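Engineer: Structure file work32.cif (mmCIF, C-alpha atoms and all ligand atoms) right here:
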data_run
#
loop_
_atom_site.label_atom_id
_atom_site.label_comp_id
_atom_site.auth_asym_id
_atom_site.auth_seq_id
_atom_site.Cartn_x
_atom_site.Cartn_y
_atom_site.Cartn_z
CA MET E 1 0.00 0.00 0.00
CA HIS E 2 1.25 3.47 -0.91
CA ALA E 3 0.10 6.83 0.39
CA GLY E 4 -0.30 10.12 -1.46
CA ILE E 5 -1.00 13.69 -0.43
CA GLU E 6 -2.02 16.40 -2.89
CA MET E 7 -1.82 19.83 -1.32
CA GLY E 8 -3.74 22.47 -3.20
CA GLY E 9 -4.24 26.13 -2.40
CA THR E 10 -7.68 25.51 -0.90
CA LYS E 11 -8.06 21.76 -0.43
CA THR E 12 -5.85 18.82 0.43
CA VAL E 13 -6.47 15.28 -0.80
CA VAL E 14 -5.00 12.28 1.02
CA ALA E 15 -5.20 8.77 -0.40
CA LEU E 16 -4.08 5.21 -0.07
CA GLY E 17 -3.55 3.34 -3.29
CA THR E 18 -1.23 1.41 -5.53
CA ALA E 19 2.23 2.18 -6.91
CA GLU E 20 0.51 2.43 -10.31
CA GLY E 21 -1.58 5.38 -9.14
CA GLU E 22 -4.90 3.68 -8.47
CA VAL E 23 -6.73 5.38 -5.60
CA LEU E 24 -8.33 2.88 -3.18
CA GLU E 25 -9.45 5.22 -0.42
CA GLU E 26 -9.31 8.99 -0.16
CA VAL E 27 -10.32 11.92 2.00
CA ARG E 28 -10.46 15.66 1.26
CA PHE E 29 -10.26 18.54 3.68
CA PRO E 30 -9.54 22.27 3.55
CA THR E 31 -5.87 23.29 3.37
CA LEU E 32 -4.99 25.08 6.63
CA ASP E 33 -1.49 26.19 7.61
CA GLY E 34 1.45 23.82 7.06
CA PRO E 35 1.61 22.12 10.49
CA LYS E 36 -2.17 21.63 10.81
CA THR E 37 -2.57 20.35 7.25
CA MET E 38 0.27 17.85 7.54
CA GLU E 39 -0.88 16.70 10.98
CA ALA E 40 -4.36 15.96 9.64
CA ALA E 41 -3.01 14.19 6.55
CA LEU E 42 -0.40 12.11 8.36
CA SER E 43 -2.84 11.13 11.13
CA TRP E 44 -5.33 9.90 8.57
CA ILE E 45 -2.60 7.77 6.96
CA ALA E 46 -1.30 6.46 10.31
CA ASP E 47 -4.81 5.40 11.34
CA ARG E 48 -4.99 3.13 8.31
CA GLY E 49 -1.91 1.07 9.03
CA PRO E 50 1.58 0.81 7.57
CA VAL E 51 2.42 2.11 4.09
CA GLU E 52 5.47 1.39 1.92
CA ALA E 53 6.10 4.91 0.70
CA LEU E 54 4.55 8.39 0.61
CA GLY E 55 4.35 10.76 -2.33
CA VAL E 56 3.44 14.42 -1.97
CA ALA E 57 2.20 16.69 -4.76
CA ALA E 58 2.52 20.24 -3.42
CA PHE E 59 1.62 23.72 -4.52
CA GLY E 60 4.69 25.90 -4.88
CA PRO E 61 7.15 27.32 -4.63
CA VAL E 62 8.70 24.32 -2.93
CA ARG E 63 12.19 22.78 -2.95
CA VAL E 64 11.93 19.67 -5.11
CA ASP E 65 15.67 18.96 -5.47
CA ARG E 66 16.27 15.77 -3.46
CA LYS E 67 19.95 16.69 -3.01
CA ALA E 68 19.20 20.08 -1.45
CA ALA E 69 19.53 20.38 2.34
CA ASP E 70 16.07 21.96 2.42
CA PHE E 71 14.40 19.41 0.11
CA GLY E 72 10.67 19.39 0.84
CA THR E 73 10.56 22.91 2.27
CA MET E 74 8.03 25.51 1.14
CA LEU E 75 9.76 28.62 -0.20
CA ALA E 76 8.46 32.20 -0.58
CA THR E 77 4.76 31.41 -0.72
CA PRO E 78 2.38 34.21 0.29
CA LYS E 79 0.08 31.57 1.80
CA PRO E 80 -0.09 32.12 5.59
CA GLY E 81 1.61 29.46 7.70
CA TRP E 82 3.51 27.78 4.87
CA ARG E 83 6.65 29.80 4.18
CA ASP E 84 9.74 27.82 5.31
CA PHE E 85 7.56 24.95 6.50
CA SER E 86 9.26 21.59 5.93
CA ILE E 87 6.86 18.99 4.59
CA ARG E 88 9.69 16.46 4.69
CA GLY E 89 10.39 17.35 8.33
CA ALA E 90 6.77 16.68 9.27
CA VAL E 91 6.85 13.32 7.47
CA GLU E 92 10.16 12.25 9.03
CA HIS E 93 8.92 13.21 12.48
CA ARG E 94 5.76 11.13 12.11
CA PHE E 95 7.13 8.24 10.04
CA PRO E 96 10.92 8.00 10.56
CA GLY E 97 12.60 6.24 7.64
CA LEU E 98 9.53 6.13 5.39
CA PRO E 99 10.52 6.49 1.71
CA PHE E 100 9.29 9.93 0.69
CA ALA E 101 8.90 11.66 -2.68
CA LEU E 102 7.77 15.19 -3.38
CA ASP E 103 7.11 17.17 -6.53
CA THR E 104 4.89 20.01 -7.67
CA ASP E 105 1.15 19.42 -8.07
CA VAL E 106 1.42 20.06 -11.81
CA ASN E 107 4.36 17.69 -12.30
CA ALA E 108 2.44 15.01 -10.40
CA ALA E 109 -0.59 15.58 -12.63
CA ALA E 110 1.63 15.39 -15.73
CA LEU E 111 3.02 12.05 -14.52
CA ALA E 112 -0.48 10.66 -13.97
CA GLU E 113 -1.81 11.90 -17.30
CA ALA E 114 1.18 10.50 -19.19
CA ASP E 115 0.09 6.96 -18.21
CA GLY E 116 3.56 5.55 -18.77
CA GLU E 117 4.43 7.64 -21.83
CA GLY E 118 7.55 9.79 -21.61
CA ASN E 119 6.65 13.16 -23.14
CA LEU E 120 3.71 15.20 -21.94
CA ALA E 121 2.94 18.71 -20.74
CA TYR E 122 0.12 19.44 -18.32
CA ILE E 123 -1.28 22.98 -17.99
CA THR E 124 -3.74 23.96 -15.30
CA ILE E 125 -5.78 27.17 -15.45
CA GLY E 126 -7.53 28.13 -12.23
CA THR E 127 -6.70 30.69 -9.56
CA GLY E 128 -3.24 30.56 -11.09
CA ILE E 129 -1.67 28.98 -14.15
CA GLY E 130 1.02 26.33 -13.95
CA ALA E 131 2.53 23.62 -16.08
CA GLY E 132 4.09 20.28 -15.32
CA ILE E 133 6.49 18.87 -17.88
CA LEU E 134 7.54 15.27 -18.41
CA THR E 135 10.24 14.88 -21.02
CA GLY E 136 12.11 11.68 -21.82
CA GLY E 137 10.35 10.12 -18.81
CA LYS E 138 11.78 12.73 -16.42
CA LEU E 139 9.89 15.49 -14.64
CA VAL E 140 11.45 18.88 -15.35
CA HIS E 141 12.76 20.73 -12.28
CA GLY E 142 15.61 23.14 -12.93
CA VAL E 143 17.00 25.12 -10.00
CA VAL E 144 13.65 25.36 -8.20
CA HIS E 145 10.91 24.32 -10.64
CA PRO E 146 9.38 25.94 -13.71
CA GLU E 147 6.85 28.73 -13.14
CA PHE E 148 5.23 28.57 -16.52
CA GLY E 149 2.31 30.80 -15.54
CA HIS E 150 4.68 33.75 -15.37
CA TRP E 151 5.80 33.51 -18.97
CA TYR E 152 4.93 36.53 -21.16
CA PRO E 153 2.64 35.93 -24.12
CA ARG E 154 2.30 38.22 -27.14
CA ARG E 155 -0.69 40.53 -26.79
CA ALA E 156 -3.88 39.46 -28.57
CA ASP E 157 -5.31 42.02 -31.01
CA GLY E 158 -7.47 44.51 -29.16
CA ASP E 159 -6.35 43.50 -25.67
CA ASP E 160 -5.28 46.41 -23.47
CA PHE E 161 -6.11 44.81 -20.10
CA PRO E 162 -3.19 45.52 -17.74
CA GLY E 163 -3.30 42.06 -16.14
CA VAL E 164 -3.55 41.01 -12.50
CA CYS E 165 -0.21 39.38 -11.65
CA PRO E 166 1.19 41.27 -8.63
CA PHE E 167 4.74 40.65 -9.92
CA HIS E 168 4.39 41.10 -13.69
CA GLY E 169 0.99 42.48 -14.58
CA ASP E 170 0.42 40.93 -17.98
CA CYS E 171 2.21 37.59 -17.78
CA LEU E 172 0.13 34.53 -18.81
CA GLU E 173 -1.35 34.18 -15.32
CA GLY E 174 -1.98 37.93 -15.18
CA LEU E 175 -3.97 37.80 -18.42
CA ALA E 176 -5.60 34.38 -18.48
CA SER E 177 -6.08 32.97 -14.95
CA GLY E 178 -9.55 32.73 -13.41
CA PRO E 179 -9.05 35.91 -11.32
CA ALA E 180 -7.77 37.72 -14.43
CA MET E 181 -10.94 36.80 -16.33
CA THR E 182 -13.16 37.80 -13.43
CA ARG E 183 -11.43 41.17 -13.04
CA ARG E 184 -11.44 41.84 -16.76
CA TRP E 185 -15.03 40.85 -17.54
CA GLY E 186 -16.77 41.35 -14.22
CA ALA E 187 -17.97 37.75 -14.14
CA GLU E 188 -16.50 34.39 -13.22
CA PRO E 189 -15.34 32.26 -16.16
CA LYS E 190 -18.12 29.71 -15.56
CA ASP E 191 -20.71 32.49 -16.02
CA LEU E 192 -19.27 33.80 -19.30
CA PRO E 193 -21.18 32.41 -22.31
CA GLY E 194 -19.26 30.37 -24.85
CA ASP E 195 -19.50 33.08 -27.54
CA HIS E 196 -18.22 35.84 -25.22
CA ASP E 197 -15.08 37.71 -26.37
CA ALA E 198 -13.43 36.49 -23.18
CA TRP E 199 -12.92 33.08 -24.75
CA ARG E 200 -11.27 34.48 -27.89
CA PHE E 201 -8.57 35.99 -25.67
CA GLU E 202 -8.37 32.90 -23.47
CA VAL E 203 -7.94 30.58 -26.45
CA GLU E 204 -5.32 32.90 -27.96
CA TYR E 205 -3.17 32.98 -24.81
CA LEU E 206 -3.46 29.27 -24.15
CA ALA E 207 -2.58 28.49 -27.77
CA GLN E 208 0.51 30.68 -27.46
CA ALA E 209 1.38 28.85 -24.25
CA VAL E 210 1.10 25.50 -26.00
CA ILE E 211 3.30 26.73 -28.86
CA SER E 212 5.95 27.79 -26.35
CA LEU E 213 5.85 24.30 -24.79
CA LEU E 214 6.09 22.64 -28.21
CA ALA E 215 9.06 24.89 -28.99
CA SER E 216 10.89 24.31 -25.69
CA CYS E 217 9.99 20.78 -24.48
CA SER E 218 8.57 18.88 -27.46
CA PRO E 219 5.71 17.06 -25.70
CA ALA E 220 3.74 14.40 -27.60
CA ARG E 221 0.52 15.53 -25.95
CA VAL E 222 -0.65 18.56 -24.00
CA VAL E 223 -3.29 18.20 -21.31
CA ILE E 224 -5.15 21.32 -20.18
CA GLY E 225 -7.05 21.11 -16.90
CA GLY E 226 -8.32 23.38 -14.16
CA GLY E 227 -11.60 25.19 -13.61
CA VAL E 228 -11.22 27.71 -16.44
CA SER E 229 -10.79 24.99 -19.08
CA GLN E 230 -14.18 23.33 -18.56
CA GLY E 231 -16.00 25.06 -21.41
CA GLU E 232 -17.43 22.95 -24.18
CA ARG E 233 -15.05 22.74 -27.15
CA PHE E 234 -12.38 24.78 -25.34
CA HIS E 235 -9.68 22.21 -26.08
CA GLN E 236 -10.66 21.94 -29.75
CA ALA E 237 -10.59 25.75 -30.06
CA VAL E 238 -7.11 25.94 -28.51
CA GLU E 239 -5.92 23.13 -30.76
CA ALA E 240 -7.24 24.86 -33.89
CA ARG E 241 -5.49 28.08 -32.90
CA VAL E 242 -2.25 26.20 -32.13
CA ARG E 243 -2.39 24.70 -35.62
CA ALA E 244 -2.74 28.18 -37.11
CA LEU E 245 0.12 29.59 -35.00
CA SER E 246 2.32 26.58 -35.77
CA GLY E 247 2.41 27.47 -39.47
CA GLY E 248 3.08 23.82 -40.26
CA TYR E 249 6.30 23.91 -38.25
CA PHE E 250 5.51 21.63 -35.31
CA PRO E 251 4.51 18.13 -36.45
CA MET E 252 2.59 17.44 -33.20
CA ALA E 253 0.28 20.36 -33.96
CA ASP E 254 -0.72 18.82 -37.27
CA GLU E 255 -2.03 15.65 -35.63
CA ALA E 256 -5.69 16.12 -34.78
CA GLY E 257 -6.30 15.55 -31.09
CA PHE E 258 -3.05 16.28 -29.31
CA ILE E 259 -4.61 18.65 -26.75
CA PHE E 260 -6.84 16.95 -24.20
CA PRO E 261 -8.75 17.58 -21.00
CA PRO E 262 -7.31 15.51 -18.13
CA LYS E 263 -8.45 11.90 -18.49
CA TYR E 264 -8.26 11.52 -14.71
CA GLY E 265 -10.09 14.80 -14.11
CA GLN E 266 -9.72 16.02 -10.56
CA GLN E 267 -7.88 12.83 -9.59
CA ALA E 268 -4.82 13.55 -11.73
CA GLY E 269 -2.89 15.19 -8.87
CA ILE E 270 -3.51 12.52 -6.25
CA ARG E 271 -2.84 9.72 -8.74
CA GLY E 272 0.43 11.48 -9.51
CA ALA E 273 1.30 11.62 -5.79
CA LEU E 274 0.85 7.85 -5.58
CA LEU E 275 2.96 7.38 -8.71
CA LEU E 276 5.72 9.52 -7.18
CA ALA E 277 5.68 7.15 -4.19
CA GLY E 278 5.63 4.16 -6.54
CA ARG E 279 8.67 5.41 -8.46
CA LEU E 280 10.75 5.27 -5.28
CA GLY E 281 10.61 1.46 -5.42
CA GLY E 282 11.96 1.36 -8.98
ZN ZN T 301 3.44 36.82 -13.24
#
Kindly return the structure encoded in the file as structure tokens.
Ligand code: ZN

Structural biologist:
Amino acid sequence: MHAGIEMGGTKTVVALGTAEGEVLEEVRFPTLDGPKTMEAALSWIADRGPVEALGVAAFGPVRVDRKAADFGTMLATPKPGWRDFSIRGAVEHRFPGLPFALDTDVNAAALAEADGEGNLAYITIGTGIGAGILTGGKLVHGVVHPEFGHWYPRRADGDDFPGVCPFHGDCLEGLASGPAMTRRWGAEPKDLPGDHDAWRFEVEYLAQAVISLLASCSPARVVIGGGVSQGERFHQAVEARVRALSGGYFPMADEAGFIFPPKYGQQAGIRGALLLAGRLGG
């Protein structure tokens, strides 16, 4: 039996399951501060008996480099009660010696969605925008981990919205996240009709984002998830725009159906946490 924890900005999912990512039992509760959230998660796991390994899929920024002295520590997050909190420390205190893996929530979701394939990018659009990247079977980290939401797109025609990112204004997250759409249009994305101009901009920026991933990481497939991507035909619209922007240059873009909604839906992250635990054995 393996254990997984997916820590999101508002809710935390804890599960027991298999090394292949199958969830057998799970519980969800609101994300509180670091110590309270980990205590609740680890107690739930402990009450269910011994586990072989634990995988954590965490919101960021978080140290994911296993060789770093502060591996598993939350970095400069604005979220109260999380900055400098060591997830690894909490796990080691509760379960000394338990094999432990940790990666970003989006990398975990990318791993789950890849289903054993080696090259996939996963984009989530919600309160923020992030991307997880699996290339050649490896999850991309870098010095900390990619922050794809803060990449700068080219402005869509007719768009003079200043953006909402507190650091950059009109980065991708500043222009296309859920809060950006709400601020710009005065309505939440789910309440904007499918023919609203909002979606023309949203499709444009997501298509540019996909092109930048094709250009930099060469994924075979791109999965787009998160609350803002739920609209009917959203994925087909992004794919059509990617094809136009590709200009015949990226072969993946010419294959119909390379952009998908997450096949595991809201379970992608927790499945990925279990897979992270499962990879420790191999
Ligand atoms: Zn930004």

Engineer: Quick one: which chain E residues come within 8 Å of ligand ZN 301 (chain T), and what is the nearest atom pair for each with the distance in Å to one decimal, counting all atoms listed in the file, rows ordered by chain and ascending number, as a tab-separated table?

Structural biologist:
residue	atom	partner	partner_atom	distance
E:Gly149	CA	T:ZN301	ZN	6.5
E:His150	CA	T:ZN301	ZN	3.9
E:Trp151	CA	T:ZN301	ZN	7.0
E:Cys165	CA	T:ZN301	ZN	4.7
E:Pro166	CA	T:ZN301	ZN	6.8
E:Phe167	CA	T:ZN301	ZN	5.2
E:His168	CA	T:ZN301	ZN	4.4
E:Gly169	CA	T:ZN301	ZN	6.3
E:Asp170	CA	T:ZN301	ZN	7.0
E:Cys171	CA	T:ZN301	ZN	4.8
E:Leu172	CA	T:ZN301	ZN	6.9
E:Glu173	CA	T:ZN301	ZN	5.9
E:Gly174	CA	T:ZN301	ZN	5.9

Engineer: Any idea what the distance is between CA of Glu6 in chain E and CA of Asp84 in chain E?

Structural biologist: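 Between CA of Glu6 in chain E and CA of Asp84 in chain E the gap is 18.3 Å.
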
Engineer: Would you mind reading off the distance between CA of Ser43 in chain E and CA of Val106 in chain E, one decimal, in Å?

Structural biologist: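 Between these atoms lies a distance of 25.0 Å.
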
Engineer: Determine the nearest neighbour of Gly278 in chain E from the options E:Pro99, E:Gly60, E:Pro50, E:Gly118, counting all atoms listed in the file.

Structural biologist: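 Under the stated criterion, the closest residue is E:Pro99.
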
Engineer: So which residues touch Gly226 in chain E within 10 Å, counting all atoms listed in the file, skipping near sequence neighbours fewer than 5 positions away, as an MDAnalysis selection string?

Structural biologist: chainID E and resid 123:130 177:178 261:262 265:266

Engineer: Specify the axis-aligned box that encloses all atoms of range 208-218 of chain E listed in the file after padding of 8 Å on each side, stating its centre and edge lengths in Å to one decimal as AutoDock Vina command-line options.

Structural biologist:
--center_x 5.7 --center_y 24.8 --center_z -26.6 --size_x 26.4 --size_y 27.8 --size_z 20.7

Engineer: Can you pull out every residue within 9 Å of range 10-23 of chain E, counting only C-alpha atoms, but drop anything in the same chain fewer than 2 positions away, and send it as a ChimeraX atom specification?

Structural biologist: /E:1-8,25-32,37,41-42,44-45,48,51,53,112,267,269-279,281

Engineer: Within 12 Å of (-2.1, 14.5, -20.2) in the file's own coordinates, which protein, DNA or RNA residues have an atom, counting only C-alpha atoms? List them as a ChimeraX atom specification.

Structural biologist: /E:106-124,131-134,219-225,257-265,268-269,272

Engineer: Identify which of the residues E:Ala40, E:Leu54, E:Ala256, E:Ala198 lies closest to Leu98 in chain E, counting only C-alpha atoms when measuring atom-to-atom distances.

Structural biologist: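 Of the candidates, the smallest distance to Leu98 in chain E is held by E:Leu54.
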
Engineer: Between CA of Trp185 in chain E and CA of Leu245 in chain E, measure the distance and give it in Å to one decimal.

Structural biologist: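 Taking CA of Trp185 in chain E and CA of Leu245 in chain E, their separation equals 25.7 Å.
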
Engineer: Between E:Cys217, E:Met181, E:Val242, E:Ala253, which residue has the minimum interatomic distance to Leu139 in chain E, considering all atoms listed in the file?

Structural biologist: E:Cys217

Engineer: Write out as a ChimeraX atom specification the residues lying within 10 Å of Gly194 in chain E, counting all atoms listed in the file and excluding same-chain residues fewer than 4 positions away.

Structural biologist: /E:189-190,198-200,231-234

Engineer: Which residue gives the smallest distance to Val144 in chain E among E:Ala215, E:Thr182, E:Asp103, E:Pro251, with all atoms listed in the file counted?

Structural biologist: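 Checking each candidate against Val144 in chain E, we get E:Asp103 as the closest.
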
Engineer: Just checking: using all atoms listed in the file, which residue out of E:His141, E:Lys79, E:Arg155, E:Arg241 ends up closest to Asp33 in chain E?

Structural biologist: E:Lys79

Engineer: What's around Pro61 in chain E at 9 Å? Count all atoms listed in the file, leave out sequence neighbours fewer than 6 positions away in its own chain, and write the answer as an MDAnalysis selection string.

Structural biologist: chainID E and resid 73:77 104 144:145 147
